[in-house]
Every structure is written in structure tokens, then in C-alpha cells.
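Everything below belongs to run.tsv, which stores TSV, C-alpha atoms and all ligand atoms.
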chain	number	residue	atom	x	y	z
Y	21	MET	CA	34.48	108.42	89.80
Y	22	ALA	CA	32.94	110.18	86.86
Y	23	ILE	CA	33.93	109.94	83.26
Y	24	HIS	CA	33.04	112.84	80.99
Y	25	ILE	CA	33.21	112.36	77.24
Y	26	SER	CA	32.83	115.68	75.47
Y	27	ASN	CA	29.78	116.03	73.31
Y	28	HIS	CA	30.82	119.38	71.88
Y	29	PRO	CA	30.67	119.56	68.06
Y	30	LEU	CA	33.91	121.57	67.90
Y	31	VAL	CA	35.71	118.92	69.92
Y	32	LYS	CA	34.42	116.18	67.64
Y	33	HIS	CA	35.39	118.12	64.52
Y	34	LYS	CA	38.89	118.94	65.68
Y	35	LEU	CA	39.51	115.45	67.04
Y	36	THR	CA	38.63	113.98	63.65
Y	37	ILE	CA	41.31	116.13	61.99
Y	38	LEU	CA	43.77	115.26	64.75
Y	39	ARG	CA	43.28	111.54	64.13
Y	40	ASP	CA	43.84	111.87	60.37
Y	41	LYS	CA	47.14	110.27	59.44
Y	42	THR	CA	47.85	113.04	56.90
Y	43	THR	CA	47.71	115.80	59.57
Y	44	ASP	CA	51.27	117.12	59.93
Y	45	HIS	CA	52.90	117.89	63.27
Y	46	VAL	CA	52.44	121.66	63.01
Y	47	LYS	CA	48.69	121.26	62.61
Y	48	PHE	CA	48.67	118.40	65.11
Y	49	ARG	CA	50.20	120.62	67.83
Y	50	GLN	CA	47.71	123.39	67.11
Y	51	LEU	CA	44.80	120.95	67.44
Y	52	VAL	CA	46.14	119.45	70.67
Y	53	ARG	CA	46.32	122.96	72.12
Y	54	GLU	CA	42.79	123.85	70.99
Y	55	LEU	CA	41.27	120.58	72.17
Y	56	ALA	CA	43.02	120.90	75.53
Y	57	LEU	CA	41.50	124.35	75.99
Y	58	MET	CA	38.00	123.09	75.27
Y	59	LEU	CA	38.34	120.06	77.54
Y	60	ALA	CA	39.72	122.28	80.29
Y	61	TYR	CA	36.60	124.40	80.00
Y	62	GLU	CA	34.54	121.26	80.65
Y	63	ALA	CA	36.82	120.02	83.44
Y	64	THR	CA	36.60	123.32	85.33
Y	65	GLN	CA	32.81	123.65	85.30
Y	66	ASP	CA	32.52	122.77	88.98
Y	67	LEU	CA	35.31	124.99	90.30
Y	68	PRO	CA	34.23	126.71	93.51
Y	69	THR	CA	33.96	130.49	93.63
Y	70	SER	CA	33.33	133.04	96.33
Y	71	PRO	CA	31.27	136.21	95.91
Y	72	PHE	CA	33.34	139.18	94.76
Y	73	SER	CA	32.08	142.70	94.13
Y	74	THR	CA	33.53	145.04	91.57
Y	75	GLU	CA	32.79	148.65	90.63
Y	76	THR	CA	31.68	149.10	87.04
Y	77	PRO	CA	31.40	152.63	85.58
Y	78	MET	CA	27.68	152.33	86.44
Y	79	GLY	CA	27.66	150.84	89.92
Y	80	THR	CA	28.46	147.74	91.90
Y	81	ALA	CA	28.30	144.30	90.34
Y	82	VAL	CA	28.37	141.25	92.53
Y	83	GLY	CA	30.47	138.67	90.75
Y	84	ALA	CA	32.66	135.75	91.66
Y	85	GLN	CA	36.28	134.86	92.05
Y	86	LEU	CA	37.89	131.45	91.90
Y	87	THR	CA	38.86	130.08	95.26
Y	88	TYR	CA	41.18	127.28	94.06
Y	89	GLU	CA	44.76	127.57	92.94
Y	90	ILE	CA	45.30	125.09	90.11
Y	91	GLY	CA	48.33	123.05	89.16
Y	92	LEU	CA	48.87	121.51	85.74
Y	93	ILE	CA	50.78	118.25	85.60
Y	94	PRO	CA	51.67	117.32	82.02
Y	95	ILE	CA	53.01	113.81	81.63
Y	96	LEU	CA	56.09	114.10	79.40
Y	97	ARG	CA	56.32	114.12	76.57
Y	98	ALA	CA	52.88	114.18	74.99
Y	99	GLY	CA	51.13	116.06	77.80
Y	100	LEU	CA	53.37	119.07	77.15
Y	101	GLY	CA	51.36	120.09	74.10
Y	102	MET	CA	48.23	120.48	76.21
Y	103	VAL	CA	49.76	123.04	78.59
Y	104	GLU	CA	49.48	126.05	76.26
Y	105	GLY	CA	45.76	125.39	75.77
Y	106	LEU	CA	45.17	125.18	79.51
Y	107	TRP	CA	47.20	128.33	80.09
Y	108	GLU	CA	44.92	130.27	77.77
Y	109	LEU	CA	42.11	129.60	80.26
Y	110	LEU	CA	44.18	129.48	83.44
Y	111	PRO	CA	47.18	131.74	82.81
Y	112	SER	CA	48.40	131.70	86.39
Y	113	ALA	CA	48.28	127.93	86.83
Y	114	GLU	CA	51.54	126.43	88.01
Y	115	VAL	CA	53.04	123.66	85.90
Y	116	TRP	CA	54.88	120.70	87.37
Y	117	HIS	CA	56.37	118.16	85.02
Y	118	ILE	CA	56.33	114.42	85.51
Y	119	GLY	CA	58.39	112.36	83.06
Y	120	ILE	CA	57.05	108.89	82.36
Y	121	TYR	CA	57.39	106.64	79.33
Y	122	ARG	CA	55.95	103.21	78.69
Y	123	ASP	CA	58.36	100.33	78.47
Y	124	GLU	CA	57.73	99.04	74.95
Y	125	LYS	CA	57.73	95.37	75.98
Y	126	THR	CA	55.96	95.37	79.34
Y	127	LEU	CA	53.84	98.51	78.66
Y	128	ARG	CA	54.54	99.43	82.29
Y	129	PRO	CA	55.26	103.10	83.14
Y	130	VAL	CA	58.86	104.10	83.78
Y	131	GLN	CA	59.38	107.37	85.67
Y	132	TYR	CA	62.44	109.44	84.75
Y	133	TYR	CA	61.62	112.98	85.91
Y	134	ASN	CA	59.72	114.71	88.69
Y	135	LYS	CA	59.60	118.48	89.15
Y	136	LEU	CA	57.04	118.72	91.96
Y	137	PRO	CA	57.70	121.34	94.64
Y	138	VAL	CA	58.30	120.10	98.18
Y	139	ASN	CA	54.71	120.68	99.29
Y	140	PRO	CA	51.50	120.95	97.29
Y	141	ARG	CA	50.22	124.51	97.29
Y	142	VAL	CA	47.22	124.17	95.02
Y	143	GLN	CA	43.77	122.82	95.67
Y	144	LEU	CA	43.27	121.13	92.29
Y	145	CYS	CA	45.73	119.15	90.15
Y	146	LEU	CA	44.92	118.57	86.48
Y	147	ILE	CA	46.90	115.70	84.99
Y	148	LEU	CA	47.39	116.28	81.26
Y	149	ASP	CA	48.08	113.49	78.80
Y	150	PRO	CA	46.44	113.04	75.39
Y	151	MET	CA	46.36	109.23	75.62
Y	152	LEU	CA	44.86	106.99	78.31
Y	153	ALA	CA	45.81	103.57	76.91
Y	154	THR	CA	46.54	100.87	79.53
Y	155	GLY	CA	46.18	103.62	82.14
Y	156	GLY	CA	49.58	102.77	83.63
Y	157	SER	CA	51.04	106.28	83.17
Y	158	ALA	CA	47.95	108.01	84.57
Y	159	VAL	CA	47.74	105.66	87.57
Y	160	ALA	CA	51.46	106.10	88.30
Y	161	THR	CA	51.16	109.90	88.08
Y	162	THR	CA	48.13	109.91	90.38
Y	163	ASP	CA	50.02	107.69	92.83
Y	164	ILE	CA	52.89	110.21	92.83
Y	165	LEU	CA	50.56	113.18	93.34
Y	166	LYS	CA	48.64	111.55	96.18
Y	167	LYS	CA	51.83	110.45	97.95
Y	168	TRP	CA	52.98	114.05	97.69
Y	169	GLY	CA	49.76	115.25	99.34
Y	170	ALA	CA	47.51	116.39	96.48
Y	171	GLN	CA	43.89	116.47	97.61
Y	172	LYS	CA	41.84	116.85	94.46
Y	173	ILE	CA	42.96	115.45	91.12
Y	174	LYS	CA	41.35	115.30	87.68
Y	175	PHE	CA	42.64	113.64	84.52
Y	176	VAL	CA	42.26	115.58	81.26
Y	177	GLY	CA	43.04	113.62	78.10
Y	178	LEU	CA	42.01	113.41	74.47
Y	179	ILE	CA	41.45	109.73	73.70
Y	180	GLY	CA	40.89	106.90	76.15
Y	181	ALA	CA	40.66	103.15	75.78
Y	182	PRO	CA	38.15	101.24	77.93
Y	183	GLU	CA	41.10	99.40	79.49
Y	184	GLY	CA	42.71	102.68	80.62
Y	185	VAL	CA	39.49	104.16	81.97
Y	186	LYS	CA	38.90	100.96	83.96
Y	187	ALA	CA	42.45	100.89	85.35
Y	188	LEU	CA	42.41	104.54	86.43
Y	189	SER	CA	38.91	104.43	87.88
Y	190	GLU	CA	39.63	101.21	89.81
Y	191	ALA	CA	42.93	102.47	91.20
Y	192	HIS	CA	41.68	106.00	91.90
Y	193	PRO	CA	37.87	106.17	91.98
Y	194	ASP	CA	38.00	109.77	93.23
Y	195	VAL	CA	39.72	111.03	90.05
Y	196	ASP	CA	37.28	112.35	87.45
Y	197	ILE	CA	38.26	111.69	83.84
Y	198	TYR	CA	37.65	114.15	80.99
Y	199	LEU	CA	38.14	112.96	77.41
Y	200	ALA	CA	37.31	114.01	73.88
Y	201	ALA	CA	36.55	110.39	72.92
Y	202	LEU	CA	36.39	106.88	74.30
Y	203	ASP	CA	37.69	104.49	71.65
Y	204	ASP	CA	37.13	100.78	71.05
Y	205	ARG	CA	40.09	98.93	72.55
Y	206	LEU	CA	43.83	98.47	72.74
Y	207	ASN	CA	45.65	96.48	70.08
Y	208	ASP	CA	48.22	93.81	70.93
Y	209	ILE	CA	51.03	96.35	71.31
Y	210	GLY	CA	49.02	98.60	73.61
Y	211	TYR	CA	47.95	101.25	71.08
Y	212	ILE	CA	44.47	102.71	71.16
Y	213	MET	CA	42.21	101.62	68.28
Y	214	PRO	CA	41.41	103.56	66.18
Y	215	GLY	CA	43.20	106.23	68.24
Y	216	LEU	CA	45.64	108.52	66.48
Y	217	GLY	CA	48.93	106.64	66.62
Y	218	ASP	CA	51.77	107.88	68.81
Y	219	ALA	CA	50.77	111.21	70.35
Y	220	GLY	CA	54.35	112.16	71.31
Y	221	ASP	CA	55.87	111.37	67.92
Y	222	ARG	CA	53.05	113.12	66.06
Y	223	GLN	CA	53.44	116.32	68.12
Y	224	PHE	CA	57.18	116.50	68.05
Y	225	GLY	CA	57.82	115.12	64.55
Y	226	THR	CA	59.91	112.24	65.88
Y	227	GLY	CA	58.14	109.30	64.21
Y	228	ASP	CA	59.93	107.06	61.67
D	301	LIG	C1	52.20	107.78	75.76
D	301	LIG	C2	51.13	108.74	76.20
D	301	LIG	C3	50.91	108.36	77.63
D	301	LIG	C4	51.13	106.88	77.60
D	301	LIG	C5	49.78	106.23	77.65
D	301	LIG	O1	53.44	108.17	76.20
D	301	LIG	O2	51.47	110.07	76.03
D	301	LIG	O3	51.81	108.99	78.54
D	301	LIG	O4	51.78	106.57	76.38
D	301	LIG	O5	49.90	104.88	77.75
D	301	LIG	P1	49.43	104.08	79.03
D	301	LIG	O6	48.07	104.56	79.36
D	301	LIG	O7	49.46	102.66	78.53
D	301	LIG	O8	50.42	104.31	80.13
D	301	LIG	P2	54.78	107.41	75.75
D	301	LIG	O9	55.10	106.28	76.66
D	301	LIG	O10	54.68	107.06	74.30
D	301	LIG	O11	55.91	108.49	76.00
D	301	LIG	P3	56.20	109.84	75.18
D	301	LIG	O12	55.02	110.75	75.37
D	301	LIG	O13	57.43	110.36	75.85
D	301	LIG	O14	56.44	109.49	73.75
D	302	LIG	N1	50.45	106.14	73.56
D	302	LIG	C1	50.19	106.76	72.39
D	302	LIG	O1	50.82	107.78	72.07
D	302	LIG	N2	49.23	106.25	71.61
D	302	LIG	C2	48.54	105.15	71.93
D	302	LIG	O2	47.66	104.74	71.15
D	302	LIG	C3	48.83	104.52	73.14
D	302	LIG	C4	49.77	105.04	73.94
Could you render the structure as C-alpha cells?
Ligand code: PRP
Ligand code: URA
Amino acid sequence: MAIHISNHPLVKHKLTILRDKTTDHVKFRQLVRELALMLAYEATQDLPTSPFSTETPMGTAVGAQLTYEIGLIPILRAGLGMVEGLWELLPSAEVWHIGIYRDEKTLRPVQYYNKLPVNPRVQLCLILDPMLATGGSAVATTDILKKWGAQKIKFVGLIGAPEGVKALSEAHPDVDIYLAALDDRLNDIGYIMPGLGDAGDRQFGTGD
């Protein structure tokens, strides 16, 4: 297992604005998209390539082409906002939706939707969810993907709590985790501190 916390100044700058309680949901969505793109850049640094030659107007250039097909798995709802950012880097990536919410009392994940195709046909699955809190949703999604036959899985999020990182890395040590920040802790109702509040409500404007 490897955990990567971005050290990029643009990520830090944008995440600070994202956290701000006065950031409205239009700006919030834009920042989620931009941060997702930058984290995807970091999460794809080790993608394998094969040599590929192309003819320039001046001669032959030996370049590279990606050898993996990539699937994006946003965890509904909040992971949805990350898809557009990933698509800017990986426009042909397939997207399969997994619907999971946390039960407010138990904090356990409840699955309500699954749009995976019958068989996996990609070599890398990127799970997208801005928040890794208890880790229950990420662990459940990884369980689903592995049962389905996914070989290589990475988790791309924005903010993690130590509790969530521990849960995911203990349950699935082969899943690398990419985050913009690792925060202090969870509070007594399972929210990340200082975090950013409710990532779904803040994206979709559904908070009270
Ligand atoms: C949030 C978030 C994650 C989950 C993280 O979703 O987007 O999916 O909580 O918490 P965990 O690590 O403790 O599982 P939420 O349950 O609020 O659903 P929503 O995105 O539909 O609002
Ligand atoms: N889900 C969120 O949206 N925010 C948190 O802090 C924890 C879980």
C-alpha cells in the first residue's frame, strides 16, 4: 500500500478555497473538477506504455502509447463531481457508477446502485470520492470491484482522515491512495476535521 499526499502548490491553494465555508456550490464544483484533474495526473504517473512511432513533418519520432484501458468508478453522489476532471485527462475512460451512502447512525455504507458491466474490461480502476472518512464506502466499493474481477485499483480522493486511510489500507493493502490532504481526525458524528463539511451537499447545493 502506498499513500500519496499531493505536495503541489496549486492543489494546496485550491483545496484551501474548497474548504472555505463561504465558497458557494458553483465554485465548489469547479474546484472539485480542477483538483480531481491534478490528482489524476499524480495517480497516473506509473501507467505503463509501449513504444509507438509517429511521423512528424520532419521524420520519425519514437514515442509511447498507453497500454491500459482505464475505468472511473465515482461513488455517488460526491464522486460524480470528480469525473469531469478525470475525463479532461482521460477522455476515453469508461465510467461505472456505484451508489453508496453512509447510514447516519451506524456510519456503515449502504449500497443502492451498481452499474458495472458483466465483466471487467479495463486494466486499471480509479475509485473517485472526495472524502475518505471512516473508509467504509471506499472499502465496500473496493470489495465490489474485486469480487467483480478488477485487477488493479487505486483510490483518488481529496481529503482523508487517518481512520479512513487505516481502514482502506488494512482491508486492501494493494490499493494505492491519492489525496490532496490528510486531515487530523473524525469527529463524533464521523465528519473529517477540519475537512470541508458534507462534500455531496456542498457540490449539489442540497445542504440545510
Ligand atoms: C460521503 C462521501 C463518501 C462517504 C465517506 O458520502 O462522499 O462517499 O461519505 O464516508 P466514509 O469514508 O465514512 O464511508 P455520503 O454518505 O454523504 O453520501 P452522498 O455523497 O450521497 O451525500
Ligand atoms: N462525508 C463527507 O461528505 N464529509 C465528511 O467529512 C465525512 C464524510
### Task
Please identify all polymer residues within 9 Å of segment 155-163 of chain Y, counting all atoms listed in the file, omitting same-chain residues fewer than 3 positions from it, and present them as number ranges by chain.
Y: 93, 95, 118, 120-122, 127-131, 147-149, 151-152, 166-168, 170, 173, 175, 180-181, 183-189, 191-192, 195
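Listed by chain and then residue number, the contacts of ligand LIG 302 (chain D) are Met151, Ala153, Gly210, Tyr211, Ile212, Gly215, Gly217, Asp218, Ala219 and Gly220 of chain Y (distance at most 6 Å, using only C-alpha atoms and all ligand atoms).
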### Message
List as a count of residues only the protein and nucleic acid residues near segment 176-179 of chain Y, meaning an atom at most 10 Å away when only C-alpha atoms are counted, but skip any in the same chain fewer than 6 places from it.
### Response
41
### Query
Can you tell me how far atom O11 of ligand LIG 301 (chain D) sits from atom CA of Thr42 of chain Y, in Å to one decimal?
21.2 Å
#### Entry: Residue contacts of Trp107 of chain Y (12 Å, all atoms listed in the file) excluding same-chain residues fewer than 5 positions away, as a VMD selection string
chain Y and resid 53 to 54 56 to 58 60 to 61 90 to 92 100 to 102 112 to 115 146
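Each of Y:Arg49, Y:Arg97, Y:Lys125, Y:Arg222 was compared to ligand LIG 301 (chain D) using only C-alpha atoms and all ligand atoms, and Y:Arg97 turns out to be the nearest.
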